[in-house]
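Before any comments, here is the structure.
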Amino acid sequence: MTQVFPTLTGIGVSPGIAIGPIRRVTRAEIAHAVPATAMQVFAALDSVATDLEKRSMTVALDVARDVLSAQAMIARDPALVEAIGARLPEPIEYPDVKPAIQDAFAGFKTALESLGGYFAERVADLDEIATRTIARLSGVEDEDLVLNQPSIIVAQDLTPADTAALDLNFAKALVVEKGGPTSHTAIVARGLGIPAVVGCAGVMGLAEGATVLVDGRDGSVILEPSPGEIDTRQTREGALRARAASVSGPGRLSDGTPVTLMANAGNAADAVAAALVGAEGIGLFRTELLFLDRETEPSVSEQIELYKSVFEAMVGHKVILRTLDAGSDKPVPFINAIAEENPALGVRGWRLTRTADEVLSRQLEAVGKAAALVQTEVWVMAPMINTATEAAHFAARARAAGIKRVGVMIETPAAAIGADKVLVEVDFASLGTNDLTQYVMAADRLDSRLSDLTSTWHPAVLRTIGMAANAAGTMAMPIGVCGESAANPQLAAVLIGLGVTSLSMAPSALAEVRGFLASVDRATCLRAALAVSNASSADEAKALAIEILGV
Amino acid sequence: MPSQVVVIGSKVGLHARPATLLIKACAAAGVPVTIGRVGETAVNAASMLSVLALGAKCGESVEITVGDGPDSTRVLNELVEIVQTDHDA
């Protein structure tokens with residue numbers, strides 16, 4: 001009888017399969033008193049700083065180097081030395097200097113935490129410096145982990161100083177209990193191209209030296225994997241890599257016509273997933289997620305952090321951010337306080353400027369500031385724009401917040417029919433086909449009794465899309481589709497035929513759409529677009545598209 | 001002691017790169033330098049933690065004061081330049 005070992009699950013942040021013995025990175029807890037003089041504390045702080053400077057010079061990864069040199073700067077900070085000195089004024093050996101050191105650091109931690117965002121990140125640096133200083137004084141400092149065989153590194157969390165000290169030639173995978181997709185561990189692992197799993201509860205409970213399989217794609221950590229399990233996972237990983245490699249590169253039709261293929265995202269984890277499947281950017285960054293389950297509005301600095309984390313996952317690419325689309329099926333407690341008779345036709349999207357203008361002002365402020373911090377092309381669009389006046393209003397506000405490329409969602413019949421006027425003041429357009437379908441067909445897309453009426457294949461919907469794409473095309477303006485329709489290969493080809501220039505979908509749909517588009521040319525897409533526009537039903541349109549484009 | 005009020009030019013305010021540049025320049029100045037909002041207690045401008053804790057934002061005015069020394073005016077001009085430049089532009 002075979003024994004069944006547990007599988008732990010975390011968040012896969014760097015894909016790949018690794019099998020090997022566990023090597024745990026533990027940190028000594030110093031519970032006992034640490035006697036020292038003030039001079040000895042200063043000397044310890046100084047040697048910690050010197051050590052950090054040395055590591056920053058030898059570490060190969062840019063991200064680790066920046067953090068280490070910032071930490072060294074903090075360890076040498078005159079205000080910190082002064083704060084510790086004020087707590088240890090006598091020239092004597094104090095029986096325990098730990099409280100004085102912790103208290104001195106705590107003052108700065110509170111100040112930085114209250115500022116939020118970038119400042120709050122520095123709090124972890126302060127903790128690390130305090131821990132290292134106390135460890136150095138007590139003489140029980142952690143030895144740097146020496147690896148003598150390929151190992152799976154397991155830790156509660158890995159700090160930049162930890163990773164700088166590791167011999168990463170022997171690190172086959174990184175697994176940590178804490179952290180998220182943008183944690184230092186995740187960034188280091190992707191930089192090294194080794195599998196990593198973060199947020200893996202219970203992994204520190206596994207024994208040193210035990211063999212584990214780490215799957216950095218789905219986040220599984222399997223203790224004593226069976227040969228069958230190893231084979232299955234390695235085969236799957238190999239197939240996924242082969243498929244991604246066969247359709248890599250920017251999206252294009254068989255005749256070379258470029259079609260920008262992007263992915264939708266709501267947070268940094270999605271953006272990382274998008275980057276892993278070779279998305280050429282984020283075509284729809286939904287910002288509601290930060291607001292939806294909140295009782296109060298997130299602060300500007302908190303918003304900056306979230307936006308920045310998504311932008312950072314797409315450095316060198318484009319991210320199209322959609323301003324808050326609260327209302328209708330996505331009510332936000334502190335904004336949509338009044339129950340509306342007909343929320344889909346009520347105060348939602350950019351219309352919130354009528355009732356909660358300052359929330360949108362603060363969001364634009366945060367987006368502008370976050371965009372200034374990164375090397376990502378940030379485009380910003382507003383949802384539920386109906387008229388040229390609303391478009392001009394949004395464009396002026398967004399540009400004033402420092403946003404360089406502004407655009408609008410086209411998701412109502414009014415915006416599509418009047419696109420030649422609506423688009424005059426903006427740089428790009430994006431068709432929200434889910435809402436556009438429900439408004440053109442006047443059928444609630446959440447009502448299952450009406451599901452036959454809410455298909456984007458309805459010729460009336462496709463003609464409306466064509467109208468908007470035509471107006472954009474006349475102005476040589478990029479127009480994308482970011483609804484579910486972009487994820488259907490034949491419909492994607494029809495949209496291109498209608499004049500759409502980019503598609504944004506769930507990361508999981510990207511490879512299939514990319515592969516399909518590479519099999520059809522522009523002339524065929526145009527022929528399919530003409531045929532579906534002249535069909536008399538959704539079913540007929542779909543059948544014609546399959547007949548012309550193939551499957 | 002020469003001093004000057006200056007408007008912060010960096011969009012991100014006085015942290016990250018702008019703060020790092022300021023602190024490095026102050027450390028190299030050889031004379032004490034303080035920075036603070038006008039009328040409030042000034043902090044040591046060579047201290048990263050103190051400068052960060054000011055939380056000074058883009059467009060805010062801060063006063064820089066440089067201790068007396070042969071190079072005070074040159075140091076002040078250099079620091080004013082760092083603070084009023086938008087390093088992210």
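Chain identifiers are assigned as A, B, and so on, following the order in which chains appear in the structure tokens; residues are numbered from 1 within each chain, and ligands are numbered from 1 in order of appearance.
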
> Which neighbours of Val277 in chain A fall inside 8 Å, counting only C-alpha atoms, when residues of the same chain fewer than 6 positions from it are skipped, and could you give them as a PyMOL selection string?
Replying inline: chain A and resi 244+507-508+510-511

Residue selection dump (N, CA and C atoms) as an mmCIF file, in the first residue's frame:
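Result file follows (part-v2.cif):
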```cif
data_model
loop_
_atom_site.group_PDB
_atom_site.id
_atom_site.type_symbol
_atom_site.label_atom_id
_atom_site.label_comp_id
_atom_site.auth_asym_id
_atom_site.auth_seq_id
_atom_site.Cartn_x
_atom_site.Cartn_y
_atom_site.Cartn_z
ATOM 1 N N ALA A 244 3.338 27.609 -26.088
ATOM 2 C CA ALA A 244 3.618 29.041 -25.969
ATOM 3 C C ALA A 244 4.728 29.441 -26.940
ATOM 4 N N PRO A 507 -5.872 35.839 -19.803
ATOM 5 C CA PRO A 507 -4.569 35.300 -20.211
ATOM 6 C C PRO A 507 -4.673 33.864 -20.758
ATOM 7 N N SER A 508 -5.603 33.062 -20.191
ATOM 8 C CA SER A 508 -5.695 31.656 -20.590
ATOM 9 C C SER A 508 -6.172 31.483 -22.035
ATOM 10 N N LEU A 510 -5.320 33.475 -24.581
ATOM 11 C CA LEU A 510 -4.430 34.172 -25.507
ATOM 12 C C LEU A 510 -3.774 33.268 -26.551
ATOM 13 N N ALA A 511 -3.231 32.131 -26.084
ATOM 14 C CA ALA A 511 -2.479 31.259 -27.000
ATOM 15 C C ALA A 511 -3.374 30.771 -28.134
#
```

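For chain A, the residues close to chain B, meaning within 6 Å and counting only C-alpha atoms, are Asp77, Pro78, Ala79, Ala111 and Leu112 of chain A.
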
Print the selection's residues with N, CA and C atoms to a file, as a compact mmCIF listing (two decimals), in the first residue's frame.
```txt
# COMPACT_ATOMS: atom_id res chain seq x y z
N ASP A 77 21.99 56.04 8.91
CA ASP A 77 21.24 57.29 9.06
C ASP A 77 21.55 58.00 10.38
N PRO A 78 21.99 59.27 10.31
CA PRO A 78 22.33 59.98 11.55
C PRO A 78 21.15 60.10 12.53
N ALA A 79 19.94 60.22 12.00
CA ALA A 79 18.77 60.36 12.90
C ALA A 79 18.54 59.08 13.68
N ALA A 111 6.17 56.49 11.89
CA ALA A 111 6.12 57.65 11.00
C ALA A 111 5.97 57.19 9.55
N LEU A 112 6.72 56.17 9.15
CA LEU A 112 6.68 55.72 7.75
C LEU A 112 5.38 55.00 7.43
```

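Within 10 Å of Gly69 in chain B, once only C-alpha atoms are used and residues closer than 3 positions along the same chain are dropped, the contacting residues are Met1, Pro2, Ala29, Gly30, Val31, Pro32, Val66, Ser72, Thr73 and Val75 of chain B.
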
> Leaving out range 468-484 of chain A and any residue of its chain fewer than 6 positions from it, which residues lie within 9 Å of it when counting only C-alpha atoms, given as a VMD selection string?
Replying inline: chain A and resid 260 262 to 264 283 to 284 410 415 to 421 423 to 424 427 to 435 492 495 498 to 506

Using only C-alpha atoms, what does the table of range 262-353 of chain A residues within 9 Å of range 10-23 of chain A look like, with each row giving the shortest atom pair and its distance in Å to one decimal, sorted by chain and ascending number, as JSON lines?
```
{"residue": "A:Ala269", "atom": "CA", "partner": "A:Val13", "partner_atom": "CA", "distance": 8.0}
{"residue": "A:Val272", "atom": "CA", "partner": "A:Val13", "partner_atom": "CA", "distance": 7.5}
{"residue": "A:Ala273", "atom": "CA", "partner": "A:Val13", "partner_atom": "CA", "distance": 8.1}
{"residue": "A:Leu276", "atom": "CA", "partner": "A:Pro15", "partner_atom": "CA", "distance": 8.1}
```

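Here CA of Ile222 in chain A stands at a distance of 24.4 Å from CA of Thr159 in chain A.
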
>> Let's see if you can do this: from backbone DSSP, list all helix (DSSP H, G or I) residues in range 4-65 of chain B, as JSON, numbers by chain.
In response: {"B": [16, 17, 18, 19, 20, 21, 22, 23, 24, 25, 26, 27, 28, 29, 48, 49, 50, 51, 52, 53, 54]}

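For Gly59 in chain B, the set of protein, DNA and RNA residues having any atom at most 8 Å away, when counting only C-alpha atoms and skipping those fewer than 4 positions along the same chain, is Val7, Ile8, Gly9 and Gly13 of chain B.
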
Can I get the selected residues back with N, CA and C atoms, as a PDB file, in the first residue's frame?
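Wrote result35.pdb, looks like this:
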```pdb
ATOM      1  N   VAL B   7      10.224  75.168  -4.044  1.00  0.00           N
ATOM      2  CA  VAL B   7       9.049  74.324  -4.330  1.00  0.00           C
ATOM      3  C   VAL B   7       9.527  72.980  -4.888  1.00  0.00           C
ATOM      4  N   ILE B   8       9.007  71.888  -4.325  1.00  0.00           N
ATOM      5  CA  ILE B   8       9.432  70.545  -4.743  1.00  0.00           C
ATOM      6  C   ILE B   8       8.954  70.254  -6.165  1.00  0.00           C
ATOM      7  N   GLY B   9       9.898  69.880  -7.016  1.00  0.00           N
ATOM      8  CA  GLY B   9       9.567  69.707  -8.431  1.00  0.00           C
ATOM      9  C   GLY B   9       9.168  68.291  -8.818  1.00  0.00           C
ATOM     10  N   GLY B  13       7.135  63.662  -5.128  1.00  0.00           N
ATOM     11  CA  GLY B  13       7.440  64.296  -3.856  1.00  0.00           C
ATOM     12  C   GLY B  13       8.869  63.974  -3.451  1.00  0.00           C
TER      13      GLY B  13
END
```

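Near Val48 in chain A, within 9 Å and counting only C-alpha atoms, sit Ala43, Ala44, Leu45, Asp51, Leu52, Glu53, Ala72, Ala75, Ile129, Arg132, Thr133 and Arg136 of chain A; same-chain residues fewer than 3 positions away were not included.
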
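As for CA of Ala326 in chain A and CA of Arg354 in chain A, they are spaced 13.0 Å apart.
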
> If you run DSSP on this backbone, which residues of chain B come out as strand (DSSP E or B), and could you give them as JSON, numbers by chain?
Replying inline: {"B": [3, 4, 5, 6, 7, 33, 34, 35, 36, 43, 44, 61, 62, 63, 64, 65, 66]}

I need the chosen residues saved as a short mmCIF file (atom, residue, chain, number, x, y, z; two decimals), in the first residue's frame, with N, CA and C atoms.
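The result, stored in result21.cif:
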```cif
data_model
loop_
_atom_site.label_atom_id
_atom_site.label_comp_id
_atom_site.auth_asym_id
_atom_site.auth_seq_id
_atom_site.Cartn_x
_atom_site.Cartn_y
_atom_site.Cartn_z
N SER B 3 19.83 80.39 3.67
CA SER B 3 18.68 79.50 3.52
C SER B 3 17.81 79.98 2.37
N GLN B 4 17.00 79.08 1.86
CA GLN B 4 16.13 79.43 0.74
C GLN B 4 14.88 78.54 0.76
N VAL B 5 13.74 79.16 0.41
CA VAL B 5 12.51 78.39 0.30
C VAL B 5 12.38 77.92 -1.15
N VAL B 6 12.05 76.64 -1.32
CA VAL B 6 12.01 76.09 -2.67
C VAL B 6 10.78 75.18 -2.83
N VAL B 7 10.22 75.17 -4.04
CA VAL B 7 9.05 74.32 -4.33
C VAL B 7 9.53 72.98 -4.89
N VAL B 33 23.09 70.46 7.13
CA VAL B 33 22.00 70.98 6.30
C VAL B 33 20.68 70.54 6.92
N THR B 34 19.73 71.48 7.00
CA THR B 34 18.40 71.10 7.49
C THR B 34 17.36 71.41 6.42
N ILE B 35 16.22 70.68 6.53
CA ILE B 35 15.13 70.91 5.58
C ILE B 35 13.81 70.78 6.34
N GLY B 36 12.84 71.59 6.01
CA GLY B 36 11.55 71.49 6.69
C GLY B 36 10.55 72.44 6.08
N VAL B 43 14.42 69.25 9.86
CA VAL B 43 15.11 67.99 10.17
C VAL B 43 16.45 67.95 9.46
N ASN B 44 17.30 67.03 9.90
CA ASN B 44 18.61 66.82 9.29
C ASN B 44 18.43 66.31 7.85
N SER B 61 6.19 73.79 -0.52
CA SER B 61 7.40 74.58 -0.30
C SER B 61 8.16 74.05 0.91
N VAL B 62 9.48 73.96 0.78
CA VAL B 62 10.30 73.59 1.94
C VAL B 62 11.47 74.58 2.04
N GLU B 63 11.94 74.76 3.25
CA GLU B 63 13.06 75.68 3.45
C GLU B 63 14.34 74.86 3.69
N ILE B 64 15.38 75.17 2.93
CA ILE B 64 16.68 74.50 3.10
C ILE B 64 17.63 75.48 3.76
N THR B 65 18.29 75.05 4.85
CA THR B 65 19.25 75.91 5.53
C THR B 65 20.60 75.20 5.57
N VAL B 66 21.65 75.91 5.16
CA VAL B 66 22.99 75.32 5.11
C VAL B 66 23.86 76.00 6.16
#
```
